[in-house]
file run-v5.tsv (TSV, C-alpha atoms)
chain	number	residue	atom	x	y	z
H	1	MET	CA	24.74	111.32	214.56
H	2	TYR	CA	21.42	109.52	214.94
H	3	GLN	CA	18.83	108.25	212.50
H	4	THR	CA	15.18	107.82	213.45
H	5	VAL	CA	13.98	104.25	212.98
H	6	PHE	CA	10.61	104.73	214.68
H	7	GLU	CA	8.46	107.72	215.57
H	8	ILE	CA	4.88	107.62	216.84
H	9	SER	CA	3.98	110.89	215.13
H	10	GLY	CA	4.42	109.34	211.71
H	11	SER	CA	1.65	107.75	209.68
H	12	ILE	CA	-1.45	106.03	211.04
H	13	PRO	CA	-0.47	102.67	212.64
H	14	TRP	CA	-1.83	100.43	209.90
H	15	ARG	CA	0.13	97.46	211.23
H	16	ALA	CA	-1.69	97.61	214.55
H	17	LEU	CA	-5.01	98.27	212.83
H	18	GLY	CA	-4.65	94.92	211.09
H	19	PHE	CA	-6.02	93.40	214.29
H	20	ALA	CA	-9.21	95.43	213.93
H	21	SER	CA	-9.55	94.57	210.24
H	22	ALA	CA	-10.38	90.97	211.15
H	23	GLY	CA	-13.76	92.29	212.24
H	24	VAL	CA	-14.39	93.62	208.72
H	25	PHE	CA	-14.04	90.10	207.34
H	26	MET	CA	-16.39	88.84	210.05
H	27	MET	CA	-18.95	91.48	209.08
H	28	ALA	CA	-18.73	90.30	205.47
H	29	VAL	CA	-19.47	86.74	206.59
H	30	GLY	CA	-22.44	87.99	208.61
H	31	TYR	CA	-23.73	89.95	205.62
H	32	VAL	CA	-23.61	86.81	203.48
H	33	MET	CA	-25.63	84.95	206.12
H	34	TRP	CA	-28.15	87.80	206.16
H	35	LEU	CA	-28.48	87.63	202.36
H	36	VAL	CA	-29.11	83.90	202.51
H	37	ALA	CA	-31.67	84.30	205.31
H	38	ASN	CA	-33.56	86.91	203.28
H	39	GLU	CA	-33.30	84.91	200.03
H	40	ARG	CA	-31.25	87.62	198.35
H	41	ALA	CA	-28.06	85.63	197.90
H	42	PRO	CA	-26.85	84.52	194.44
H	43	GLN	CA	-28.16	81.12	193.44
H	44	TRP	CA	-24.70	79.54	193.48
H	45	LEU	CA	-24.25	80.59	197.11
H	46	THR	CA	-27.65	79.24	198.09
H	47	ASP	CA	-26.83	75.94	196.39
H	48	LEU	CA	-23.49	75.82	198.19
H	49	ILE	CA	-25.10	76.26	201.59
H	50	GLU	CA	-27.72	73.65	200.77
H	51	GLN	CA	-24.90	71.21	200.06
H	52	MET	CA	-23.42	71.62	203.53
H	53	PRO	CA	-24.28	68.73	205.84
H	54	ARG	CA	-26.24	69.47	209.00
H	55	ARG	CA	-28.36	67.56	211.45
H	56	LYS	CA	-31.48	69.73	211.18
H	57	PRO	CA	-32.59	72.36	208.64
H	58	ILE	CA	-31.85	75.93	209.70
H	59	THR	CA	-34.90	78.17	209.61
H	60	LYS	CA	-34.66	81.52	207.85
H	61	ARG	CA	-35.70	83.27	211.05
H	62	ALA	CA	-32.96	81.61	213.10
H	63	LEU	CA	-30.34	82.34	210.45
H	64	ARG	CA	-31.48	85.96	210.21
H	65	GLY	CA	-31.20	86.41	213.96
H	66	PHE	CA	-27.80	84.75	214.10
H	67	ALA	CA	-26.58	86.91	211.21
H	68	MET	CA	-27.64	90.09	213.00
H	69	LEU	CA	-25.88	88.99	216.20
H	70	TRP	CA	-22.78	88.11	214.19
H	71	ILE	CA	-22.74	91.47	212.41
H	72	GLY	CA	-23.32	93.29	215.69
H	73	PHE	CA	-20.43	91.51	217.38
H	74	SER	CA	-18.18	92.15	214.37
H	75	PHE	CA	-19.05	95.85	214.38
H	76	PHE	CA	-18.33	96.00	218.11
H	77	TRP	CA	-14.96	94.33	217.47
H	78	VAL	CA	-13.98	96.83	214.76
H	79	ALA	CA	-15.24	99.86	216.68
H	80	THR	CA	-13.60	98.88	219.97
H	81	ALA	CA	-10.27	97.81	218.48
H	82	SER	CA	-10.02	100.79	216.12
H	83	THR	CA	-10.98	103.28	218.81
H	84	GLY	CA	-8.45	101.83	221.23
H	85	ILE	CA	-5.61	101.74	218.71
H	86	VAL	CA	-6.24	105.13	217.10
H	87	GLY	CA	-6.99	106.70	220.48
H	88	GLY	CA	-3.73	105.37	221.87
H	89	TRP	CA	-1.85	106.59	218.82
H	90	LEU	CA	-3.29	110.10	219.15
H	91	SER	CA	-2.48	110.16	222.86
H	92	TYR	CA	1.10	108.99	222.32
H	93	ARG	CA	1.61	111.41	219.44
H	94	SER	CA	0.35	114.28	221.56
H	95	ALA	CA	2.74	113.32	224.36
H	96	LEU	CA	5.67	113.27	221.94
H	97	GLU	CA	4.84	116.54	220.19
H	98	SER	CA	4.00	118.43	223.39
H	99	GLY	CA	7.16	117.36	225.18
H	100	GLU	CA	5.26	115.48	227.88
H	101	HIS	CA	7.62	112.52	227.77
H	102	GLU	CA	11.00	111.37	228.99
H	103	VAL	CA	14.22	110.97	227.01
H	104	VAL	CA	17.00	108.54	227.79
H	105	GLU	CA	20.28	108.14	225.92
H	106	GLY	CA	22.90	105.47	226.32
H	107	VAL	CA	23.89	101.94	225.42
H	108	VAL	CA	21.54	98.96	225.33
H	109	GLU	CA	22.22	96.63	228.24
H	110	ASP	CA	20.66	93.44	229.61
H	111	PHE	CA	19.20	92.72	226.18
H	112	VAL	CA	16.88	89.69	226.14
H	113	PRO	CA	15.57	88.89	222.64
H	114	MET	CA	12.13	87.46	222.01
H	115	PRO	CA	11.94	84.11	220.19
H	116	TYR	CA	10.38	84.37	216.75
H	117	ARG	CA	7.28	82.49	217.88
H	118	GLY	CA	6.85	84.63	220.98
H	119	GLY	CA	6.46	83.19	224.45
H	120	LYS	CA	8.15	86.12	226.16
H	121	HIS	CA	8.79	89.81	225.56
H	122	GLU	CA	11.97	91.35	224.25
H	123	SER	CA	13.51	93.57	226.91
H	124	PHE	CA	16.52	95.75	227.59
H	125	THR	CA	17.67	98.66	229.73
H	126	VAL	CA	19.24	102.00	228.87
H	127	SER	CA	20.83	103.95	231.73
H	128	GLY	CA	18.71	102.03	234.20
H	129	VAL	CA	15.41	102.49	232.34
H	130	ARG	CA	13.81	99.19	231.37
H	131	PHE	CA	11.81	98.59	228.19
H	132	SER	CA	9.77	95.53	227.27
H	133	TYR	CA	7.62	94.83	224.20
H	134	SER	CA	6.47	92.16	221.77
H	135	ASP	CA	5.36	91.98	218.14
H	136	TYR	CA	2.33	90.06	219.33
H	137	ASN	CA	1.06	92.97	221.44
H	138	VAL	CA	-1.39	95.20	219.59
H	139	THR	CA	-0.05	98.73	220.07
H	140	PRO	CA	0.76	101.78	217.93
H	141	ALA	CA	3.99	102.26	219.91
H	142	PHE	CA	7.32	100.64	219.05
H	143	ASN	CA	7.15	96.86	219.40
H	144	ARG	CA	9.31	95.40	216.64
H	145	THR	CA	11.55	92.74	218.14
H	146	ARG	CA	14.92	91.76	216.72
H	147	SER	CA	13.67	88.34	215.62
H	148	HIS	CA	11.10	90.16	213.46
H	149	GLY	CA	13.48	92.72	211.99
H	150	GLY	CA	13.88	95.19	214.85
H	151	PRO	CA	17.21	97.03	215.29
H	152	ILE	CA	17.79	96.63	219.05
H	153	ARG	CA	20.79	94.57	220.15
H	154	GLU	CA	23.19	94.39	223.07
H	155	GLY	CA	25.62	97.32	223.12
H	156	LEU	CA	23.71	99.46	220.61
H	157	PRO	CA	23.85	103.22	221.31
H	158	VAL	CA	20.31	104.61	221.33
H	159	ARG	CA	18.28	107.69	222.15
H	160	ILE	CA	14.72	106.95	223.19
H	161	ALA	CA	11.76	109.22	223.81
H	162	TYR	CA	9.31	107.33	225.98
H	163	LEU	CA	6.19	107.70	228.04
H	164	ALA	CA	6.77	106.56	231.60
H	165	ARG	CA	3.92	104.75	233.28
H	166	GLU	CA	3.64	102.63	236.39
H	167	SER	CA	3.97	99.26	234.68
H	168	GLN	CA	5.34	100.09	231.24
H	169	ASN	CA	7.77	102.45	229.54
H	170	THR	CA	6.29	103.00	226.08
H	171	ILE	CA	8.71	103.86	223.27
H	172	LEU	CA	7.46	106.86	221.28
H	173	LYS	CA	10.62	107.54	219.29
H	174	LEU	CA	13.71	105.43	218.72
H	175	GLU	CA	16.98	106.73	217.31
H	176	ILE	CA	20.14	104.77	216.57
H	177	PRO	CA	23.48	105.74	214.98
H	178	VAL	CA	23.39	106.28	211.22
H	179	SER	CA	26.14	103.69	210.91
H	180	GLU	CA	23.83	100.98	212.27
H	181	PRO	CA	21.31	99.07	210.11
H	182	ALA	CA	17.70	100.11	210.71
H	183	THR	CA	16.53	96.48	210.68
H	184	SER	CA	17.93	93.05	211.48
H	185	ASP	CA	16.37	91.42	208.42
H	186	HIS	CA	19.79	90.45	207.05
H	187	ASP	CA	21.28	89.25	210.33
H	188	GLU	CA	21.97	85.57	209.68
H	189	SER	CA	22.73	84.91	213.35
H	190	ILE	CA	19.04	85.21	214.22
H	191	GLU	CA	17.24	81.89	214.34
H	192	ARG	CA	14.13	82.13	212.20
H	193	PRO	CA	11.66	79.34	211.42
H	194	ALA	CA	12.06	77.15	208.37
H	195	PHE	CA	8.27	77.22	208.00
H	196	PRO	CA	7.20	80.89	208.29
H	197	PHE	CA	3.70	81.74	209.43
H	198	TRP	CA	2.78	83.47	206.16
H	199	LEU	CA	3.54	80.28	204.23
H	200	PHE	CA	1.52	78.21	206.68
H	201	THR	CA	-1.40	80.63	206.36
H	202	ALA	CA	-1.25	80.60	202.56
H	203	LEU	CA	-1.14	76.80	202.40
H	204	MET	CA	-4.02	76.39	204.84
H	205	LEU	CA	-6.10	78.94	202.92
H	206	ALA	CA	-5.44	77.05	199.70
H	207	PHE	CA	-6.36	73.82	201.49
H	208	ALA	CA	-9.63	75.31	202.76
H	209	LEU	CA	-10.58	76.58	199.30
H	210	ALA	CA	-9.75	73.24	197.69
H	211	MET	CA	-11.75	71.33	200.30
H	212	GLY	CA	-14.69	73.70	199.94
H	213	TRP	CA	-14.73	73.24	196.18
H	214	LEU	CA	-14.37	69.47	196.39
H	215	LEU	CA	-16.94	68.85	199.12
H	216	PHE	CA	-19.63	71.42	198.39
H	217	ILE	CA	-19.35	72.58	194.77
H	218	ASN	CA	-18.11	69.63	192.76
H	219	LYS	CA	-20.87	67.08	192.08
H	220	THR	CA	-18.79	64.13	190.84
H	221	ALA	CA	-18.73	61.51	193.58
H	222	SER	CA	-15.95	59.44	192.01
H	223	LEU	CA	-13.66	62.47	191.80
H	224	LYS	CA	-14.43	63.35	195.40
H	225	ARG	CA	-13.46	59.87	196.54
H	226	ARG	CA	-10.13	60.08	194.73
H	227	LEU	CA	-9.15	63.59	195.82
H	228	LEU	CA	-10.38	63.69	199.41
H	229	PRO	CA	-7.67	61.37	200.84
H	230	VAL	CA	-4.98	63.32	198.96
H	231	LEU	CA	-6.16	66.69	200.27
H	232	VAL	CA	-6.65	65.46	203.83
H	233	VAL	CA	-3.18	63.91	203.93
H	234	LEU	CA	-1.57	67.05	202.46
H	235	GLY	CA	-3.42	69.31	204.91
H	236	SER	CA	-2.41	67.10	207.82
H	237	LEU	CA	1.23	67.13	206.70
H	238	VAL	CA	1.22	70.93	206.62
H	239	LEU	CA	-0.15	71.03	210.17
H	240	ILE	CA	2.37	68.46	211.38
H	241	LEU	CA	5.37	70.18	209.75
H	242	TYR	CA	4.32	73.56	211.10
H	243	GLY	CA	3.77	72.07	214.54
H	244	LEU	CA	7.18	70.40	214.59
H	245	ASP	CA	8.84	73.61	213.37
H	246	THR	CA	7.23	75.59	216.18
H	247	GLY	CA	8.25	73.09	218.84
H	248	ALA	CA	4.90	71.37	219.33
H	249	PRO	CA	5.04	68.22	221.51
H	250	PRO	CA	4.85	64.74	219.93
H	251	LEU	CA	1.28	64.53	221.23
H	252	PHE	CA	0.37	67.09	218.57
H	253	VAL	CA	1.22	64.60	215.83
H	254	GLY	CA	-0.63	61.91	217.76
H	255	ILE	CA	-3.77	64.04	217.64
H	256	ILE	CA	-3.57	65.10	213.99
H	257	VAL	CA	-3.29	61.57	212.58
H	258	PRO	CA	-6.45	60.16	214.27
H	259	ILE	CA	-8.41	63.27	213.26
H	260	MET	CA	-7.28	62.79	209.66
H	261	LEU	CA	-8.41	59.16	209.65
H	262	LEU	CA	-11.68	60.05	211.36
H	263	ASN	CA	-12.52	62.66	208.72
H	264	LEU	CA	-11.98	60.11	206.00
H	265	TRP	CA	-14.15	57.60	207.86
H	266	ILE	CA	-17.21	59.81	208.43
H	267	THR	CA	-17.25	61.49	205.00
H	268	ARG	CA	-19.08	59.80	202.12
H	269	PHE	CA	-20.44	60.82	198.75
H	270	CYS	CA	-23.74	60.14	197.01
H	271	ASP	CA	-23.50	58.70	193.50
H	272	ALA	CA	-27.09	59.73	192.75
H	273	CYS	CA	-26.86	63.49	193.39
H	274	GLY	CA	-23.15	64.05	194.10
H	275	ALA	CA	-23.78	65.44	197.58
H	276	THR	CA	-21.27	65.21	200.41
H	277	VAL	CA	-22.61	63.36	203.43
H	278	ILE	CA	-20.76	63.76	206.73
H	279	SER	CA	-21.83	61.70	209.71
H	280	GLN	CA	-22.87	63.61	212.82
H	281	THR	CA	-21.55	60.78	215.01
H	282	PHE	CA	-17.93	59.75	214.66
H	283	TRP	CA	-18.57	56.08	215.46
H	284	LYS	CA	-21.02	55.46	212.63
H	285	ARG	CA	-20.62	56.01	208.90
H	286	PRO	CA	-23.60	57.52	207.04
H	287	THR	CA	-25.65	55.02	205.02
H	288	GLU	CA	-28.17	57.36	203.40
H	289	CYS	CA	-27.87	60.64	201.51
H	290	THR	CA	-29.32	63.48	203.56
H	291	LYS	CA	-30.17	65.41	200.40
H	292	CYS	CA	-31.87	62.93	198.06
H	293	GLY	CA	-32.36	59.92	200.35
H	294	ALA	CA	-30.43	57.48	198.15
H	295	ALA	CA	-28.49	54.63	199.71
H	296	LEU	CA	-24.76	55.32	199.82
H	297	GLY	CA	-23.62	51.76	199.17
H	298	SER	CA	-20.33	50.37	200.40
H	299	LYS	CA	-17.89	52.92	198.93
call {"tool": "encode", "arguments": {"input": "run-v5.tsv", "output": "structure tokens"}}
result
Amino acid sequence: MYQTVFEISGSIPWRALGFASAGVFMMAVGYVMWLVANERAPQWLTDLIEQMPRRKPITKRALRGFAMLWIGFSFFWVATASTGIVGGWLSYRSALESGEHEVVEGVVEDFVPMPYRGGKHESFTVSGVRFSYSDYNVTPAFNRTRSHGGPIREGLPVRIAYLARESQNTILKLEIPVSEPATSDHDESIERPAFPFWLFTALMLAFALAMGWLLFINKTASLKRRLLPVLVVLGSLVLILYGLDTGAPPLFVGIIVPIMLLNLWITRFCDACGATVISQTFWKRPTECTKCGAALGSK
């Protein structure tokens, strides 16, 4: 007896639509730029943008034009990605429900798992029919690899409804025996990273928020001088640990360390107004505040 672990005719593929949702965030950023350009932004946001170092002042007209281009591109991203994903889902669902698909039943053979970080697709054959997929491919069809919790393994009896195409057999429905677990989440034999991507993302987001507050909102120069090295070192350590965990070459560490030191070198703070001053040239430290014109001294 089989249990269904995936079926394309189920709910809307929200997991795949996550790719399109990035465009919504981009539109929000563009809308904020448009508000600033039209002087409709909250005062705290205007002050924050004024704090940001730049070589030349940005005109309202230029910012307005850039914001419109940004919003237009973001809308195109959302519309194109959503249409492609939902359109594919509707097409696959129609093929499954109308019977315009193939069915193969047998035992999984030639199973090649995908590493957790990707790099190649997971693949296998059933009765001579080959399937290949990856979690990192944006598709409403089945693409959950074993390293990310998928149920496929060598020797597993399966029944698969699929859409046969020239270069790809797309899995529309996957059934496995009821005695088999529907996921591999508890399979301790699978090598998973010690530093998962969600943790890396959360730490880097926290780092970005902390740096934004310290550099562009806080006005106490002495506090900035004390905390900046701590935050930069912590952020660099997160990058290095994640890089080492994902198999990055030693050169990766060799790049991160000089960048960390360079950021500390070119960033200074004004005691007079509390502004952050970042040099536009990496070989020369700023000597004058770009906001109030005060000398920065030797600190």
call {"tool": "closest_residue", "arguments": {"input": "run-v5.tsv", "among": "H:Phe252, H:Tyr242, H:Phe216, H:Tyr92", "to": "Thr46 in chain H", "atoms": "only C-alpha atoms"}}
result
H:Phe216
call {"tool": "residues_around", "arguments": {"input": "run-v5.tsv", "residues": "range 2-10 of chain H", "least_positions_apart": "4", "cutoff": "8 Å", "atoms": "all atoms listed in the file", "output": "JSON, numbers by chain"}}
result
{"H": [89, 92, 93, 96, 97, 140, 141, 142, 172, 173, 174, 175, 176, 177, 178, 182]}
call {"tool": "residues_around", "arguments": {"input": "run-v5.tsv", "residues": "Cys273 in chain H", "least_positions_apart": "5", "cutoff": "9 Å", "atoms": "all atoms listed in the file", "output": "count of residues only"}}
result
7
call {"tool": "residues_around", "arguments": {"input": "run-v5.tsv", "residues": "Thr139 in chain H", "least_positions_apart": "5", "cutoff": "10 Å", "atoms": "all atoms listed in the file", "output": "list in words"}}
result
Pro13, Arg15, Ala16, Leu17, Phe19, Gly84, Ile85, Val86, Gly88, Trp89, Tyr133, Ser134 and Thr170 of chain H
call {"tool": "residues_around", "arguments": {"input": "run-v5.tsv", "residues": "Glu154 in chain H", "least_positions_apart": "6", "cutoff": "9 Å", "atoms": "only C-alpha atoms", "output": "NGL selection string"}}
result
:H and (107-112 or 124)
call {"tool": "atom_distance", "arguments": {"input": "run-v5.tsv", "atom1": "CA of Ala164 in chain H", "atom2": "CA of Ser98 in chain H"}}
result
14.7 Å
call {"tool": "atom_distance", "arguments": {"input": "run-v5.tsv", "atom1": "CA of Trp14 in chain H", "atom2": "CA of Gly99 in chain H"}}
result
24.5 Å
call {"tool": "closest_residue", "arguments": {"input": "run-v5.tsv", "among": "H:Trp213, H:Phe200, H:Trp77, H:Trp265", "to": "Ser236 in chain H", "atoms": "all atoms listed in the file"}}
result
H:Phe200
call {"tool": "atom_distance", "arguments": {"input": "run-v5.tsv", "atom1": "CA of Gly87 in chain H", "atom2": "CA of Leu163 in chain H"}}
result
15.2 Å
call {"tool": "residues_around", "arguments": {"input": "run-v5.tsv", "residues": "Pro229 in chain H", "least_positions_apart": "3", "cutoff": "10 Å", "atoms": "all atoms listed in the file", "output": "MDAnalysis selection string"}}
result
chainID H and resid 224:226 232:235 260:261 263:264
call {"tool": "closest_residue", "arguments": {"input": "run-v5.tsv", "among": "H:Pro286, H:Pro193, H:Gly65, H:Pro113", "to": "Gly243 in chain H", "atoms": "all atoms listed in the file"}}
result
H:Pro193
call {"tool": "closest_residue", "arguments": {"input": "run-v5.tsv", "among": "H:Leu205, H:Leu156, H:Leu63, H:Leu228", "to": "Ile266 in chain H", "atoms": "all atoms listed in the file"}}
result
H:Leu228
call {"tool": "decode", "arguments": {"input": "run-v5.tsv", "residues": "range 278-295 of chain H", "atoms": "N, CA, C and O atoms", "output": "CSV table (one decimal), in the first residue's frame"}}
result
chain,number,residue,atom,x,y,z
H,278,ILE,N,33.0,58.0,5.9
H,278,ILE,CA,33.7,56.9,5.3
H,278,ILE,C,34.4,57.4,4.0
H,278,ILE,O,33.8,58.0,3.2
H,279,SER,N,35.7,57.1,4.0
H,279,SER,CA,36.5,57.6,2.9
H,279,SER,C,36.0,56.9,1.6
H,279,SER,O,35.7,55.7,1.5
H,280,GLN,N,36.1,57.7,0.5
H,280,GLN,CA,35.7,57.2,-0.8
H,280,GLN,C,36.9,56.6,-1.5
H,280,GLN,O,36.8,55.9,-2.6
H,281,THR,N,38.1,56.7,-0.9
H,281,THR,CA,39.3,56.1,-1.5
H,281,THR,C,40.0,55.3,-0.4
H,281,THR,O,40.2,55.8,0.7
H,282,PHE,N,40.3,54.0,-0.6
H,282,PHE,CA,40.7,53.1,0.4
H,282,PHE,C,42.1,53.4,0.9
H,282,PHE,O,42.5,52.9,1.9
H,283,TRP,N,42.9,54.2,0.1
H,283,TRP,CA,44.3,54.5,0.6
H,283,TRP,C,44.4,55.7,1.4
H,283,TRP,O,45.5,56.1,1.9
H,284,LYS,N,43.3,56.4,1.7
H,284,LYS,CA,43.4,57.7,2.4
H,284,LYS,C,42.3,57.8,3.4
H,284,LYS,O,41.1,57.6,3.1
H,285,ARG,N,42.6,58.0,4.7
H,285,ARG,CA,41.6,58.2,5.7
H,285,ARG,C,41.0,59.6,5.6
H,285,ARG,O,41.7,60.6,5.3
H,286,PRO,N,39.7,59.7,5.9
H,286,PRO,CA,39.1,61.1,5.9
H,286,PRO,C,39.6,61.9,7.0
H,286,PRO,O,39.9,61.5,8.1
H,287,THR,N,39.8,63.2,6.7
H,287,THR,CA,40.3,64.2,7.7
H,287,THR,C,39.3,65.2,8.1
H,287,THR,O,39.5,66.0,9.0
H,288,GLU,N,38.2,65.3,7.3
H,288,GLU,CA,37.2,66.3,7.6
H,288,GLU,C,35.8,65.7,7.5
H,288,GLU,O,35.5,64.9,6.6
H,289,CYS,N,34.9,66.2,8.4
H,289,CYS,CA,33.5,65.7,8.4
H,289,CYS,C,32.8,66.2,7.1
H,289,CYS,O,32.8,67.4,6.9
H,290,THR,N,32.2,65.3,6.4
H,290,THR,CA,31.4,65.7,5.2
H,290,THR,C,30.1,66.3,5.5
H,290,THR,O,29.5,66.9,4.6
H,291,LYS,N,29.7,66.3,6.8
H,291,LYS,CA,28.4,66.8,7.1
H,291,LYS,C,28.5,68.2,7.7
H,291,LYS,O,27.8,69.2,7.3
H,292,CYS,N,29.4,68.4,8.7
H,292,CYS,CA,29.5,69.7,9.3
H,292,CYS,C,30.8,70.4,9.0
H,292,CYS,O,31.0,71.6,9.4
H,293,GLY,N,31.8,69.7,8.4
H,293,GLY,CA,33.0,70.3,8.0
H,293,GLY,C,34.1,70.3,9.1
H,293,GLY,O,35.2,70.9,8.9
H,294,ALA,N,33.8,69.8,10.3
H,294,ALA,CA,34.8,69.8,11.4
H,294,ALA,C,35.9,68.9,11.1
H,294,ALA,O,35.8,67.8,10.4
H,295,ALA,N,37.1,69.2,11.7
H,295,ALA,CA,38.3,68.3,11.5
H,295,ALA,C,38.0,67.1,12.4
H,295,ALA,O,37.5,67.2,13.5
